[in-house]
file run_20.cif (mmCIF, C-alpha atoms)
data_query
#
loop_
_atom_site.group_PDB
_atom_site.id
_atom_site.type_symbol
_atom_site.label_atom_id
_atom_site.label_comp_id
_atom_site.auth_asym_id
_atom_site.auth_seq_id
_atom_site.Cartn_x
_atom_site.Cartn_y
_atom_site.Cartn_z
ATOM 1 C CA MET A 1 146.654 2.845 -17.256
ATOM 2 C CA THR A 2 148.012 3.355 -20.779
ATOM 3 C CA GLU A 3 148.519 7.068 -20.158
ATOM 4 C CA HIS A 4 150.726 6.269 -17.180
ATOM 5 C CA THR A 5 152.850 3.681 -19.038
ATOM 6 C CA ALA A 6 153.430 6.104 -21.907
ATOM 7 C CA ASP A 7 155.343 8.350 -19.498
ATOM 8 C CA LEU A 8 157.835 5.599 -18.565
ATOM 9 C CA SER A 9 160.467 6.348 -21.181
ATOM 10 C CA THR A 10 164.173 6.852 -20.590
ATOM 11 C CA GLU A 11 163.681 10.605 -20.828
ATOM 12 C CA ALA A 12 161.468 10.468 -17.714
ATOM 13 C CA ILE A 13 164.345 9.062 -15.654
ATOM 14 C CA PRO A 14 166.491 11.831 -14.132
ATOM 15 C CA ARG A 15 170.003 12.107 -15.553
ATOM 16 C CA SER A 16 171.567 11.534 -12.135
ATOM 17 C CA TRP A 17 169.771 8.169 -11.840
ATOM 18 C CA GLN A 18 170.977 7.196 -15.306
ATOM 19 C CA MET A 19 174.564 7.955 -14.280
ATOM 20 C CA ILE A 20 174.174 5.948 -11.065
ATOM 21 C CA ALA A 21 172.741 3.010 -13.041
ATOM 22 C CA LYS A 22 175.650 3.126 -15.488
ATOM 23 C CA GLY A 23 178.144 3.236 -12.633
ATOM 24 C CA VAL A 24 176.612 0.319 -10.766
ATOM 25 C CA THR A 25 176.357 -1.714 -13.963
ATOM 26 C CA GLY A 26 179.997 -0.954 -14.698
ATOM 27 C CA LEU A 27 181.085 -2.062 -11.250
ATOM 28 C CA LEU A 28 179.137 -5.271 -11.737
ATOM 29 C CA ALA A 29 180.824 -5.858 -15.114
ATOM 30 C CA ILE A 30 184.262 -5.230 -13.585
ATOM 31 C CA PHE A 31 183.568 -7.618 -10.700
ATOM 32 C CA VAL A 32 182.368 -10.289 -13.126
ATOM 33 C CA ALA A 33 185.523 -9.833 -15.207
ATOM 34 C CA ILE A 34 187.766 -10.115 -12.149
ATOM 35 C CA GLN A 35 185.871 -13.181 -10.978
ATOM 36 C CA ALA A 36 186.215 -14.664 -14.442
ATOM 37 C CA MET A 37 189.975 -14.267 -14.252
ATOM 38 C CA VAL A 38 190.216 -16.166 -10.980
ATOM 39 C CA TYR A 39 187.661 -18.805 -11.984
ATOM 40 C CA THR A 40 188.906 -22.362 -12.107
ATOM 41 C CA SER A 41 186.653 -25.060 -13.481
ATOM 42 C CA ALA A 42 186.327 -28.455 -11.886
ATOM 43 C CA SER A 43 188.037 -31.218 -13.799
ATOM 44 C CA ASP A 44 184.931 -33.415 -13.914
ATOM 45 C CA THR A 45 182.655 -30.957 -15.724
ATOM 46 C CA GLY A 46 180.928 -31.975 -18.923
ATOM 47 C CA LEU A 47 181.930 -28.822 -20.810
ATOM 48 C CA ALA A 48 185.551 -28.692 -21.910
ATOM 49 C CA TYR A 49 187.358 -25.349 -21.643
ATOM 50 C CA GLN A 50 184.607 -23.918 -19.457
ATOM 51 C CA ASP A 51 186.966 -21.384 -17.881
ATOM 52 C CA HIS A 52 187.923 -19.988 -21.289
ATOM 53 C CA ILE A 53 184.292 -19.671 -22.362
ATOM 54 C CA PHE A 54 183.482 -17.885 -19.107
ATOM 55 C CA ARG A 55 186.328 -15.389 -19.598
ATOM 56 C CA LEU A 56 185.405 -14.814 -23.242
ATOM 57 C CA VAL A 57 181.812 -13.918 -22.340
ATOM 58 C CA ALA A 58 182.820 -11.783 -19.348
ATOM 59 C CA PHE A 59 185.275 -9.612 -21.266
ATOM 60 C CA CYS A 60 182.973 -9.380 -24.264
ATOM 61 C CA SER A 61 180.252 -7.973 -21.998
ATOM 62 C CA LEU A 62 182.716 -5.623 -20.276
ATOM 63 C CA THR A 63 183.811 -4.242 -23.664
ATOM 64 C CA LEU A 64 180.203 -3.747 -24.757
ATOM 65 C CA TRP A 65 179.296 -1.983 -21.518
ATOM 66 C CA LEU A 66 182.290 0.324 -21.733
ATOM 67 C CA ALA A 67 181.613 1.173 -25.383
ATOM 68 C CA PHE A 68 177.966 2.004 -24.717
ATOM 69 C CA THR A 69 178.941 4.041 -21.657
ATOM 70 C CA ILE A 70 181.592 6.234 -23.272
ATOM 71 C CA GLY A 71 179.911 6.261 -26.683
ATOM 72 C CA LEU A 72 179.974 4.178 -29.836
ATOM 73 C CA ARG A 73 182.329 6.616 -31.530
ATOM 74 C CA ARG A 74 184.936 5.648 -28.951
ATOM 75 C CA ARG A 75 184.521 1.881 -29.394
ATOM 76 C CA GLY A 76 188.222 1.483 -30.172
ATOM 77 C CA MET A 77 189.157 3.215 -26.935
ATOM 78 C CA ALA A 78 186.711 0.974 -25.075
ATOM 79 C CA ALA A 79 188.367 -2.122 -26.528
ATOM 80 C CA MET A 80 191.851 -0.837 -25.668
ATOM 81 C CA LEU A 81 190.848 0.041 -22.090
ATOM 82 C CA THR A 82 189.305 -3.381 -21.606
ATOM 83 C CA LEU A 83 192.435 -4.994 -23.046
ATOM 84 C CA ALA A 84 194.594 -3.007 -20.635
ATOM 85 C CA PHE A 85 192.348 -4.042 -17.749
ATOM 86 C CA ALA A 86 192.468 -7.712 -18.764
ATOM 87 C CA SER A 87 196.248 -7.610 -19.094
ATOM 88 C CA PHE A 88 196.622 -5.838 -15.748
ATOM 89 C CA VAL A 89 194.421 -8.344 -13.955
ATOM 90 C CA ASP A 90 195.919 -11.411 -15.614
ATOM 91 C CA LEU A 91 199.581 -10.420 -15.408
ATOM 92 C CA LEU A 92 199.814 -8.441 -12.170
ATOM 93 C CA ILE A 93 196.911 -9.125 -9.853
ATOM 94 C CA VAL A 94 196.310 -12.846 -10.309
ATOM 95 C CA PRO A 95 199.713 -14.353 -11.141
ATOM 96 C CA VAL A 96 199.547 -16.747 -8.204
ATOM 97 C CA ARG A 97 196.943 -19.072 -9.666
ATOM 98 C CA ALA A 98 198.159 -22.320 -11.143
ATOM 99 C CA GLU A 99 196.675 -21.894 -14.619
ATOM 100 C CA SER A 100 198.418 -21.356 -17.896
ATOM 101 C CA MET A 101 198.655 -17.953 -19.548
ATOM 102 C CA GLY A 102 196.107 -19.071 -22.139
ATOM 103 C CA THR A 103 193.384 -17.342 -20.137
ATOM 104 C CA LEU A 104 194.554 -13.951 -21.364
ATOM 105 C CA VAL A 105 194.050 -15.159 -24.918
ATOM 106 C CA SER A 106 190.415 -16.050 -24.242
ATOM 107 C CA ALA A 107 189.837 -12.638 -22.626
ATOM 108 C CA ASN A 108 191.380 -10.953 -25.670
ATOM 109 C CA LEU A 109 189.197 -13.013 -28.000
ATOM 110 C CA GLY A 110 186.121 -11.793 -26.130
ATOM 111 C CA ILE A 111 187.290 -8.196 -26.561
ATOM 112 C CA VAL A 112 187.888 -8.696 -30.293
ATOM 113 C CA ILE A 113 184.479 -10.309 -30.797
ATOM 114 C CA ALA A 114 182.795 -7.412 -28.992
ATOM 115 C CA TYR A 115 184.731 -4.844 -31.038
ATOM 116 C CA CYS A 116 183.789 -6.541 -34.319
ATOM 117 C CA GLY A 117 180.144 -6.609 -33.252
ATOM 118 C CA LEU A 118 180.294 -2.918 -32.322
ATOM 119 C CA GLN A 119 181.866 -2.097 -35.670
ATOM 120 C CA LEU A 120 179.073 -3.914 -37.521
ATOM 121 C CA TYR A 121 176.469 -2.156 -35.362
ATOM 122 C CA TRP A 122 178.076 1.239 -36.081
ATOM 123 C CA ASN A 123 178.046 0.553 -39.823
ATOM 124 C CA GLN A 124 174.385 -0.455 -39.627
ATOM 125 C CA LEU A 125 173.563 2.804 -37.823
ATOM 126 C CA LYS A 126 175.360 4.797 -40.521
ATOM 127 C CA LEU A 127 173.470 2.981 -43.266
ATOM 128 C CA ARG A 128 170.151 3.665 -41.549
ATOM 129 C CA ALA A 129 171.012 7.344 -41.139
ATOM 130 C CA ALA A 130 171.989 7.603 -44.812
ATOM 131 C CA ALA A 131 168.768 5.887 -45.892
ATOM 132 C CA ALA A 132 166.698 8.200 -43.697
ATOM 133 C CA THR A 133 168.199 11.331 -45.300
ATOM 134 C CA GLN A 134 167.420 10.168 -48.832
#
call {"tool": "encode", "arguments": {"input": "run_20.cif", "output": "structure tokens"}}
result
Amino acid sequence: MTEHTADLSTEAIPRSWQMIAKGVTGLLAIFVAIQAMVYTSASDTGLAYQDHIFRLVAFCSLTLWLAFTIGLRRRGMAAMLTLAFASFVDLLIVPVRAESMGTLVSANLGIVIAYCGLQLYWNQLKLRAAAATQ
């Protein structure tokens, strides 16, 4: 049994299946982000600003997915592409909803938080690589 589980690494998965998994995960992240933009919270909920929290988390996860898909070295491009997507969805696709424009701010905050986390992760990877060479 242990011999069989040792073979279940990511290298054992064919590259085509990895690409399909990344694509499906990306589509899911995009659909969640679009749904977050059209989400309206009920007025009697116990959590204030629930719609903003939902958008913040959705666009943070979309930025992280995009950065890990195109590579950590391109984390700035991932943040800019997610920002362009959020702006496109909020300003052009969903302008008919009756909410204020403050939802774009919460999406942008999620993108900034994800970018800062990616930057810290990148610096940690560089420090580990430098320590390993010494």
call {"tool": "resolve_selection", "arguments": {"input": "run_20.cif", "expression": "the PyMOL selection byres ((chain A and resi 81) around 12)", "output": "list in words"}}
result
Ile30, Phe59, Leu62, Thr63, Leu64, Trp65, Leu66, Ala67, Ile70, Arg74, Arg75, Gly76, Met77, Ala78, Ala79, Met80, Thr82, Leu83, Ala84, Phe85, Ala86, Ser87, Phe88, Asn108, Ile111 and Tyr115 of chain A
call {"tool": "closest_residue", "arguments": {"input": "run_20.cif", "among": "A:Leu92, A:Ala33, A:Leu120, A:Leu72", "to": "Leu56 (chain A)", "atoms": "only C-alpha atoms"}}
result
A:Ala33
call {"tool": "atom_distance", "arguments": {"input": "run_20.cif", "atom1": "CA of Cys116 (chain A)", "atom2": "CA of Asp51 (chain A)"}}
result
22.4 Å
call {"tool": "atom_distance", "arguments": {"input": "run_20.cif", "atom1": "CA of Tyr121 (chain A)", "atom2": "CA of Cys60 (chain A)"}}
result
14.8 Å
call {"tool": "atom_distance", "arguments": {"input": "run_20.cif", "atom1": "CA of Leu109 (chain A)", "atom2": "CA of Gln124 (chain A)"}}
result
22.6 Å
call {"tool": "resolve_selection", "arguments": {"input": "run_20.cif", "expression": "the PyMOL selection byres ((chain A and resi 104) around 9)", "output": "ChimeraX atom specification"}}
result
/A:37,52,55,86-87,90-91,101-103,105-109
